[in-house]
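structure01.tsv follows (TSV, C-alpha atoms):
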```tsv
chain	number	residue	atom	x	y	z
A	78	MET	CA	133.71	99.96	145.32
A	79	VAL	CA	136.02	96.98	145.72
A	80	LEU	CA	138.95	99.06	144.56
A	81	ARG	CA	138.11	101.72	147.11
A	82	LEU	CA	138.02	99.15	149.88
A	83	ILE	CA	141.35	97.67	148.83
A	84	ILE	CA	142.93	101.10	148.80
A	85	ALA	CA	141.41	102.01	152.15
A	86	LEU	CA	142.65	98.78	153.74
A	87	ALA	CA	146.07	99.21	152.20
A	88	ILE	CA	146.45	102.67	153.63
A	89	ILE	CA	145.21	101.69	157.05
A	90	VAL	CA	147.39	98.62	157.31
A	91	SER	CA	150.44	100.35	155.97
A	92	LEU	CA	152.19	103.63	156.19
A	93	SER	CA	155.28	103.19	154.12
A	94	GLY	CA	156.72	103.70	150.71
A	95	THR	CA	158.19	105.31	147.69
A	96	VAL	CA	156.36	105.72	144.44
A	97	HIS	CA	158.59	104.71	141.60
A	98	ALA	CA	156.51	105.78	138.66
A	99	ARG	CA	156.73	108.44	136.07
A	100	PRO	CA	156.41	111.84	137.70
A	101	VAL	CA	155.45	113.53	134.44
A	102	SER	CA	152.15	112.94	132.63
A	103	TYR	CA	150.79	113.88	129.19
A	104	PRO	CA	150.25	117.55	128.29
A	105	GLY	CA	147.32	118.86	130.31
A	106	GLY	CA	147.27	115.82	132.60
A	107	TRP	CA	146.85	115.83	136.36
A	108	THR	CA	148.36	113.20	138.61
A	109	PHE	CA	147.71	112.42	142.25
A	110	MET	CA	150.32	110.36	144.09
A	111	GLN	CA	150.04	109.05	147.59
A	112	LYS	CA	152.86	107.18	149.29
A	113	SER	CA	153.03	105.72	152.69
A	114	ASN	CA	155.40	103.72	154.85
A	115	GLY	CA	156.41	103.43	158.45
A	116	SER	CA	158.95	106.20	158.03
A	117	TYR	CA	156.85	108.77	156.21
A	118	SER	CA	153.61	109.52	154.37
A	119	SER	CA	153.25	111.95	151.52
A	120	VAL	CA	150.92	113.28	148.86
A	121	HIS	CA	151.96	114.90	145.60
A	122	ALA	CA	149.45	116.42	143.18
A	123	HIS	CA	150.91	117.77	139.97
A	124	TYR	CA	149.98	119.19	136.59
A	125	SER	CA	151.92	118.52	133.40
A	126	PRO	CA	151.90	121.40	130.91
A	127	THR	CA	154.06	119.31	128.58
A	128	ALA	CA	155.15	115.68	128.37
A	129	SER	CA	158.49	116.73	129.86
A	130	ASP	CA	157.48	118.84	132.86
A	131	SER	CA	155.16	118.77	135.82
A	132	ILE	CA	154.69	121.01	138.81
A	133	GLY	CA	152.55	120.67	141.89
A	134	ALA	CA	152.19	120.60	145.63
A	135	TYR	CA	154.08	118.16	147.80
A	136	ILE	CA	153.40	117.41	151.45
A	137	GLU	CA	155.38	114.92	153.48
A	138	ARG	CA	155.02	113.86	157.07
A	139	ASN	CA	158.19	112.24	158.29
A	140	TRP	CA	157.18	110.07	161.22
A	141	GLN	CA	160.68	109.06	162.20
A	142	GLU	CA	162.13	112.56	162.29
A	143	ASP	CA	158.88	114.18	163.43
A	144	ILE	CA	158.97	116.77	160.64
A	145	THR	CA	156.34	117.96	158.20
A	146	PHE	CA	157.44	119.37	154.85
A	147	THR	CA	155.09	121.46	152.71
A	148	GLY	CA	156.19	122.84	149.39
A	149	ILE	CA	156.17	122.99	145.63
A	150	GLN	CA	157.75	120.24	143.56
A	151	TYR	CA	158.94	120.50	139.97
A	152	ASN	CA	159.66	117.38	137.93
A	153	ARG	CA	161.58	117.35	134.69
A	154	LEU	CA	161.92	114.52	132.22
A	155	VAL	CA	165.47	115.28	131.17
A	156	LYS	CA	165.73	112.54	128.60
A	157	ARG	CA	163.63	109.66	127.34
A	158	TRP	CA	164.86	106.84	125.17
A	159	ASN	CA	162.03	105.16	123.27
A	160	GLY	CA	162.98	101.76	121.91
A	161	ARG	CA	160.87	99.38	119.86
A	162	LYS	CA	159.86	97.44	122.97
A	163	THR	CA	161.61	99.44	125.65
A	164	GLN	CA	161.57	102.79	127.34
A	165	ALA	CA	164.21	104.46	129.50
A	166	ASN	CA	163.90	107.74	131.37
A	167	PHE	CA	166.06	110.17	133.26
A	168	TYR	CA	164.24	112.50	135.64
A	169	ALA	CA	165.28	115.40	137.84
A	170	LYS	CA	163.06	116.61	140.65
A	171	VAL	CA	163.36	119.54	143.00
A	172	GLY	CA	161.17	120.71	145.86
A	173	VAL	CA	161.21	123.93	147.84
A	174	GLY	CA	159.07	124.81	150.81
A	175	GLN	CA	159.05	124.86	154.54
A	176	ALA	CA	159.67	122.22	157.15
A	177	GLN	CA	157.98	122.32	160.49
A	178	PRO	CA	159.88	120.33	163.08
A	179	PHE	CA	157.40	119.22	165.71
A	180	GLY	CA	158.27	120.26	169.23
A	181	LYS	CA	160.17	123.30	167.99
A	182	ASN	CA	159.05	126.81	167.26
A	183	GLY	CA	158.71	128.13	163.74
A	184	ALA	CA	158.96	126.69	160.26
A	185	GLN	CA	162.22	126.74	158.37
A	186	ILE	CA	163.02	126.89	154.68
A	187	ALA	CA	163.58	123.40	153.37
A	188	GLY	CA	164.00	121.50	150.14
A	189	PHE	CA	165.03	118.38	148.35
A	190	THR	CA	166.37	117.22	145.02
A	191	GLU	CA	166.27	113.86	143.34
A	192	LEU	CA	167.61	112.15	140.25
A	193	ALA	CA	165.90	109.03	138.95
A	194	MET	CA	166.62	106.68	136.08
A	195	ASP	CA	164.53	103.77	134.87
A	196	TRP	CA	164.48	101.25	132.08
A	197	GLU	CA	161.54	99.03	131.33
A	198	THR	CA	159.99	96.64	128.89
A	199	ARG	CA	156.59	95.10	129.25
A	200	ARG	CA	158.26	92.23	131.12
A	201	TRP	CA	161.13	93.85	133.06
A	202	PHE	CA	161.51	96.99	135.12
A	203	THR	CA	164.62	98.51	136.68
A	204	GLU	CA	165.13	101.80	138.46
A	205	TYR	CA	167.71	103.69	140.44
A	206	ARG	CA	167.27	106.99	142.24
A	207	ILE	CA	169.16	109.20	144.62
A	208	ARG	CA	167.50	111.82	146.80
A	209	ALA	CA	168.97	114.53	149.02
A	210	THR	CA	166.76	116.29	151.56
A	211	ASP	CA	167.30	119.29	153.80
A	212	TYR	CA	164.35	119.46	156.16
A	213	ALA	CA	165.14	122.03	158.84
A	214	ASP	CA	167.69	120.38	161.14
A	215	ASN	CA	167.53	117.11	159.28
A	216	GLN	CA	169.72	116.52	156.24
A	217	SER	CA	170.07	113.21	154.47
A	218	ILE	CA	171.05	111.54	151.24
A	219	HIS	CA	169.62	108.19	150.38
A	220	HIS	CA	169.31	106.06	147.31
A	221	SER	CA	167.30	103.10	146.16
A	222	GLY	CA	166.92	100.61	143.37
A	223	ARG	CA	164.18	98.43	142.04
A	224	LEU	CA	163.94	95.30	139.93
A	225	GLY	CA	160.59	94.05	138.71
A	226	ILE	CA	159.12	91.37	136.52
A	227	ALA	CA	155.63	91.03	135.08
A	228	PRO	CA	154.46	87.41	135.46
A	229	TYR	CA	152.15	87.85	132.47
A	230	ILE	CA	151.81	90.45	129.73
A	231	GLY	CA	148.48	92.20	129.50
A	232	ASN	CA	147.28	94.55	126.82
A	233	TYR	CA	145.89	98.05	127.25
A	234	GLY	CA	143.02	98.10	129.72
A	235	ASP	CA	143.92	94.78	131.35
A	236	LEU	CA	144.98	94.45	134.95
A	237	HIS	CA	148.78	94.45	134.90
A	238	THR	CA	150.68	92.83	137.75
A	239	TRP	CA	154.32	93.35	138.64
A	240	LEU	CA	156.40	91.56	141.23
A	241	MET	CA	159.18	93.82	142.45
A	242	VAL	CA	161.92	94.09	144.99
A	243	GLN	CA	163.12	97.43	146.24
A	244	VAL	CA	166.42	97.96	148.02
A	245	GLU	CA	166.97	101.25	149.83
A	246	ASN	CA	170.01	102.69	151.53
A	247	HIS	CA	169.80	105.34	154.23
A	248	PRO	CA	173.40	105.70	155.45
A	249	GLU	CA	172.46	107.47	158.69
A	250	SER	CA	169.92	104.86	159.72
A	251	ASN	CA	170.67	102.15	162.27
A	252	LYS	CA	169.53	99.70	159.61
A	253	PRO	CA	171.03	101.40	156.54
A	254	THR	CA	169.94	98.90	153.92
A	255	THR	CA	166.39	97.67	153.66
A	256	THR	CA	164.62	95.29	151.31
A	257	THR	CA	160.98	95.59	150.31
A	258	PRO	CA	159.26	92.96	148.17
A	259	LEU	CA	156.14	94.44	146.64
A	260	VAL	CA	153.30	93.89	144.21
A	261	ARG	CA	152.33	96.56	141.71
A	262	LEU	CA	148.82	96.45	140.28
A	263	PHE	CA	148.21	98.64	137.28
A	264	LYS	CA	144.94	99.17	135.44
A	265	GLY	CA	144.05	102.05	133.18
A	266	VAL	CA	144.88	105.28	134.98
A	267	GLN	CA	145.31	103.68	138.40
A	268	MET	CA	148.37	102.14	139.96
A	269	LEU	CA	148.53	100.53	143.39
A	270	GLU	CA	151.62	99.14	145.13
A	271	LEU	CA	151.65	97.02	148.25
A	272	GLY	CA	154.81	95.83	149.94
A	273	TYR	CA	156.53	94.96	153.18
A	274	THR	CA	159.90	96.22	154.38
A	275	ILE	CA	161.54	93.22	156.00
A	276	GLU	CA	164.10	94.96	158.24
A	277	HIS	CA	161.69	97.52	159.67
A	278	GLU	CA	158.66	95.23	159.63
A	279	GLU	CA	156.63	97.96	158.02
A	280	TRP	CA	154.06	97.95	155.25
A	281	LEU	CA	154.29	99.97	152.07
A	282	ALA	CA	151.30	101.29	150.12
A	283	ASN	CA	151.46	103.66	147.19
A	284	TRP	CA	148.71	104.82	144.91
A	285	ILE	CA	148.74	106.89	141.73
A	286	VAL	CA	145.83	108.09	139.65
A	287	ARG	CA	145.94	110.20	136.50
A	288	PHE	CA	143.26	112.44	135.06
B	144	MET	CA	152.41	109.44	167.22
B	145	LYS	CA	150.32	106.37	166.49
B	146	SER	CA	147.09	108.37	166.65
B	147	LEU	CA	148.56	110.88	164.21
B	148	LYS	CA	149.31	108.06	161.78
B	149	ILE	CA	145.75	106.74	162.05
B	150	ILE	CA	144.29	110.21	161.53
B	151	GLY	CA	146.56	110.62	158.52
B	152	ALA	CA	145.46	107.29	157.12
B	153	PHE	CA	141.77	108.11	157.46
B	154	ALA	CA	142.26	111.55	155.94
B	155	SER	CA	144.02	109.92	153.00
B	156	ILE	CA	141.14	107.49	152.51
B	157	ILE	CA	138.56	110.26	152.43
B	158	ILE	CA	140.60	112.42	150.09
B	159	LEU	CA	141.77	109.64	147.82
B	160	SER	CA	138.61	107.59	147.50
B	161	GLN	CA	136.64	110.34	145.76
B	162	PRO	CA	138.78	110.51	142.61
B	163	VAL	CA	138.51	106.74	142.18
B	164	TYR	CA	134.75	106.88	142.20
B	165	ALA	CA	134.64	109.87	139.90
B	166	GLN	CA	137.00	108.26	137.44
B	167	GLN	CA	135.07	105.01	137.34
B	168	ASN	CA	131.86	106.85	136.51
B	169	GLU	CA	133.60	108.87	133.89
B	170	MET	CA	135.02	105.80	132.26
B	171	SER	CA	131.65	104.13	131.97
B	172	HIS	CA	129.52	106.65	130.16
B	173	ASP	CA	130.86	110.16	130.05
B	174	GLY	CA	132.18	111.60	126.86
B	175	HIS	CA	129.61	110.29	124.43
B	176	ASN	CA	126.04	111.29	123.81
B	177	HIS	CA	123.68	108.34	123.71
B	178	SER	CA	120.88	110.26	122.07
B	179	GLU	CA	123.07	111.06	119.10
B	180	MET	CA	124.20	107.50	118.54
B	181	LYS	CA	122.58	104.93	116.34
B	182	HIS	CA	121.71	102.05	118.55
B	183	ASP	CA	122.14	99.37	115.94
B	184	GLN	CA	125.75	100.45	115.42
B	185	MET	CA	126.67	99.51	118.94
B	186	ASN	CA	128.17	96.25	120.07
B	187	HIS	CA	125.81	94.39	122.40
B	188	ASP	CA	127.55	91.05	122.54
B	189	ASP	CA	128.78	91.44	126.06
B	190	HIS	CA	125.86	93.18	127.68
B	191	ASP	CA	124.34	91.90	130.84
B	192	GLY	CA	120.81	92.52	131.92
B	193	HIS	CA	119.29	92.73	128.49
B	194	GLU	CA	117.18	89.60	128.29
B	195	GLY	CA	113.50	89.98	127.64
B	196	HIS	CA	113.38	92.92	125.28
B	197	ASN	CA	113.97	93.50	121.61
B	198	HIS	CA	116.72	95.99	120.86
B	199	SER	CA	115.55	96.61	117.34
B	200	GLU	CA	112.22	97.97	118.52
B	201	MET	CA	113.65	100.32	121.12
B	202	LYS	CA	114.98	103.80	120.76
B	203	HIS	CA	118.41	104.00	122.26
B	204	ASP	CA	117.73	106.98	124.47
B	205	GLN	CA	114.73	105.17	125.97
B	206	MET	CA	116.91	102.44	127.36
B	207	ASN	CA	118.15	102.17	130.89
B	208	HIS	CA	121.91	102.65	130.96
B	209	ASP	CA	122.47	102.29	134.67
B	210	ASP	CA	123.35	98.62	134.72
B	211	HIS	CA	125.46	97.96	131.70
B	212	ASP	CA	128.60	99.13	129.99
B	213	HIS	CA	129.48	99.28	126.34
B	214	PRO	CA	132.72	97.28	126.29
B	215	GLU	CA	133.70	98.42	122.84
B	216	MET	CA	133.15	102.06	123.64
B	217	ASP	CA	136.18	104.21	123.60
B	218	LYS	CA	136.56	105.54	127.10
B	219	GLU	CA	138.19	108.80	126.20
B	220	GLY	CA	135.19	110.53	124.74
B	221	MET	CA	135.77	109.50	121.16
B	222	THR	CA	133.52	107.43	118.96
B	223	ASP	CA	133.00	103.73	119.50
B	224	VAL	CA	136.09	101.99	118.13
B	225	SER	CA	134.07	99.11	116.68
B	226	THR	CA	131.94	101.42	114.56
B	227	ALA	CA	134.99	103.35	113.42
B	228	ILE	CA	136.66	100.25	111.97
B	229	GLY	CA	136.55	100.22	108.22
B	230	GLY	CA	136.76	103.96	107.77
B	231	PRO	CA	139.88	105.90	106.95
B	232	THR	CA	142.54	104.66	109.30
B	233	ILE	CA	146.18	105.43	110.00
B	234	VAL	CA	148.20	102.64	111.58
B	235	ALA	CA	151.17	104.16	113.37
B	236	THR	CA	154.02	102.07	114.66
B	237	VAL	CA	155.28	103.74	117.81
B	238	ASN	CA	158.41	103.30	119.90
B	239	GLY	CA	158.27	103.37	123.69
B	240	LEU	CA	154.80	101.90	124.25
B	241	VAL	CA	155.33	99.81	127.36
B	242	CYS	CA	152.39	100.50	129.66
B	243	ASP	CA	148.84	101.78	130.03
B	244	PHE	CA	150.04	105.26	130.99
B	245	CYS	CA	151.63	105.46	127.53
B	246	ALA	CA	148.36	104.49	125.87
B	247	GLN	CA	146.48	106.95	128.03
B	248	ALA	CA	148.80	109.77	127.02
B	249	LEU	CA	148.26	109.07	123.31
B	250	LYS	CA	144.50	108.97	123.72
B	251	LYS	CA	144.42	112.23	125.63
B	252	VAL	CA	146.52	114.02	123.02
B	253	PHE	CA	144.84	112.61	119.92
B	254	LYS	CA	141.30	113.14	121.15
B	255	LYS	CA	141.86	116.88	120.92
B	256	GLU	CA	142.33	116.60	117.15
B	257	GLU	CA	139.23	117.47	115.17
B	258	ALA	CA	139.99	114.91	112.45
B	259	VAL	CA	140.24	111.97	114.86
B	260	LYS	CA	137.15	109.85	115.42
B	261	ALA	CA	138.65	107.15	117.60
B	262	LEU	CA	141.94	105.66	118.69
B	263	LYS	CA	142.94	102.11	119.51
B	264	VAL	CA	146.25	101.31	121.15
B	265	ASP	CA	147.76	97.85	120.77
B	266	LEU	CA	150.61	97.47	123.25
B	267	ASP	CA	151.46	93.99	121.96
B	268	ALA	CA	152.08	95.24	118.45
B	269	GLY	CA	153.37	98.64	119.51
B	270	GLU	CA	150.78	100.16	117.20
B	271	VAL	CA	148.22	102.89	117.36
B	272	ARG	CA	145.21	102.78	115.02
B	273	ILE	CA	143.92	106.26	114.37
B	274	PHE	CA	140.38	106.25	112.96
B	275	LEU	CA	139.59	109.43	111.06
B	276	LYS	CA	136.31	111.13	110.43
B	277	GLU	CA	135.07	110.86	106.84
B	278	GLY	CA	136.61	113.53	104.64
B	279	GLN	CA	139.26	114.43	107.21
B	280	MET	CA	142.98	113.85	106.93
B	281	LEU	CA	146.01	113.86	109.14
B	282	SER	CA	149.45	114.15	107.58
B	283	ASP	CA	152.36	111.99	108.68
B	284	ALA	CA	154.04	115.12	110.00
B	285	VAL	CA	151.06	115.88	112.24
B	286	VAL	CA	150.87	112.26	113.42
B	287	ALA	CA	154.58	112.33	114.27
B	288	LYS	CA	154.17	115.63	116.08
B	289	LEU	CA	151.25	114.40	118.18
B	290	ILE	CA	153.06	111.19	119.09
B	291	ARG	CA	156.14	113.19	120.05
B	292	LYS	CA	153.95	115.55	122.08
B	293	SER	CA	152.66	112.50	123.95
B	294	GLY	CA	156.23	111.55	124.82
B	295	TYR	CA	156.86	108.79	122.26
B	296	SER	CA	158.33	108.44	118.81
B	297	LEU	CA	156.86	107.45	115.48
B	298	VAL	CA	158.52	104.71	113.47
B	299	GLU	CA	156.24	104.54	110.45
B	300	THR	CA	152.66	104.92	109.30
B	301	LYS	CA	150.41	102.87	107.06
B	302	ARG	CA	147.14	104.13	105.67
B	303	GLU	CA	143.95	102.15	105.16
B	304	GLY	CA	140.47	102.93	103.90
B	305	GLY	CA	141.47	106.02	101.98
B	306	ALA	CA	143.07	107.83	104.89
```

Write the structure described by the file as structure tokens, please.
Amino acid sequence: MVLRLIIALAIIVSLSGTVHARPVSYPGGWTFMQKSNGSYSSVHAHYSPTASDSIGAYIERNWQEDITFTGIQYNRLVKRWNGRKTQANFYAKVGVGQAQPFGKNGAQIAGFTELAMDWETRRWFTEYRIRATDYADNQSIHHSGRLGIAPYIGNYGDLHTWLMVQVENHPESNKPTTTTPLVRLFKGVQMLELGYTIEHEEWLANWIVRF
Amino acid sequence: MKSLKIIGAFASIIILSQPVYAQQNEMSHDGHNHSEMKHDQMNHDDHDGHEGHNHSEMKHDQMNHDDHDHPEMDKEGMTDVSTAIGGPTIVATVNGLVCDFCAQALKKVFKKEEAVKALKVDLDAGEVRIFLKEGQMLSDAVVAKLIRKSGYSLVETKREGGA
């Protein structure tokens, strides 16, 4: 109940974000991802037939550009490096669907592609990703990076806490580079992220659950 | 625009809150059959709400399970880890175990194996303890394959209790 209230409050207060978490689950696993920030909100539900692939629906409402994208997203774990106490991943993602620009007639074919790389231990987390979108009349390329540290190390089933900072670059924006300190809370199959983008004065809230 | 955001937020709450509730219920008691378990094999050290009655005189399926959890129960539908200890066990050292999603993946994959009674993941040690059913076996090749299928890699295995 408490968790539900926290999530509800987080979503109400916020509307911002980018989920930086593995987009591929275990074979037969389902994942539900919700992200929100002042620029856009999205949901992505996907199924993983293998530990290297997932496919599902992706819906994004871009508040800044006034565009809604609806489509299918495919995620591929291109390569994973499993170390004794480390893990690194290289992902490719592609989405195809339609974008409905508000205030204009008719939906248009749209899509996006993204490459993401991460490296993590149980103490440190780093990630870089680059994403190109073509949503109707709106095309953009942006990239972002993250650095995180776990203030304590929990074992399986414990509540894990991460303190992170995310730096994003949107070249076409009037404030191209933004910084978002955030907290990631991770327990069992649930992950919640809460942050605040300093330059835009907007909250970030992301939530992932796996089944 | 602002009203759209608020509507979107509320819609998200309604949609998203249901899976949380469902998952919490599932993690408490689904996946094992109380009536088929021996009550005296269960760990009661951490129970709340049990004062005033004698466990040894009660049948397990007569007890009220609404207000307590079994902390030692495996939450993935396999047998209680505490009761599995001591039986045939494979200790697998695994590379890439850095978070709970990793542990979850291993549990989901291994629970489908007929020979597996329970699984315990130790992130600190980077080890997975695979408790086997009596008379069952799992070769190193199968263990390696299942770990690879989960997305990780096997370093070595050790066998205990005649596994």

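Shortest separation to chain B among A:Thr257, A:Gln243, A:Asn283, A:Gln177 occurs at residue A:Asn283, atoms counted being all atoms listed in the file.
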
Separation of atom CA of Leu271 of chain A from atom CA of Ser113 of chain A in Å: 9.9 Å

Pick out the chain B residues within 7 Å of chain A. Count all atoms listed in the file. Give them as a CSV table (one decimal) with C-alpha atoms, in the coordinates of the input.
```csv
chain,number,residue,atom,x,y,z
B,152,ALA,CA,145.5,107.3,157.1
B,156,ILE,CA,141.1,107.5,152.5
B,160,SER,CA,138.6,107.6,147.5
B,238,ASN,CA,158.4,103.3,119.9
B,239,GLY,CA,158.3,103.4,123.7
B,240,LEU,CA,154.8,101.9,124.2
B,241,VAL,CA,155.3,99.8,127.4
B,242,CYS,CA,152.4,100.5,129.7
B,243,ASP,CA,148.8,101.8,130.0
B,244,PHE,CA,150.0,105.3,131.0
B,248,ALA,CA,148.8,109.8,127.0
B,264,VAL,CA,146.2,101.3,121.2
B,265,ASP,CA,147.8,97.8,120.8
B,266,LEU,CA,150.6,97.5,123.2
B,267,ASP,CA,151.5,94.0,122.0
B,292,LYS,CA,154.0,115.6,122.1
B,293,SER,CA,152.7,112.5,124.0
B,294,GLY,CA,156.2,111.6,124.8
B,295,TYR,CA,156.9,108.8,122.3
B,296,SER,CA,158.3,108.4,118.8
```

Lys288 of chain B environment, 12 Å, all atoms listed in the file, sequence neighbours closer than 6 positions dropped, as JSON, numbers by chain: {"B": [249, 252, 253, 256, 281, 282, 294, 295, 296, 297]}

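As for atom CA of Cys245 of chain B and atom CA of Gly305 of chain B, they are spaced 27.5 Å apart.
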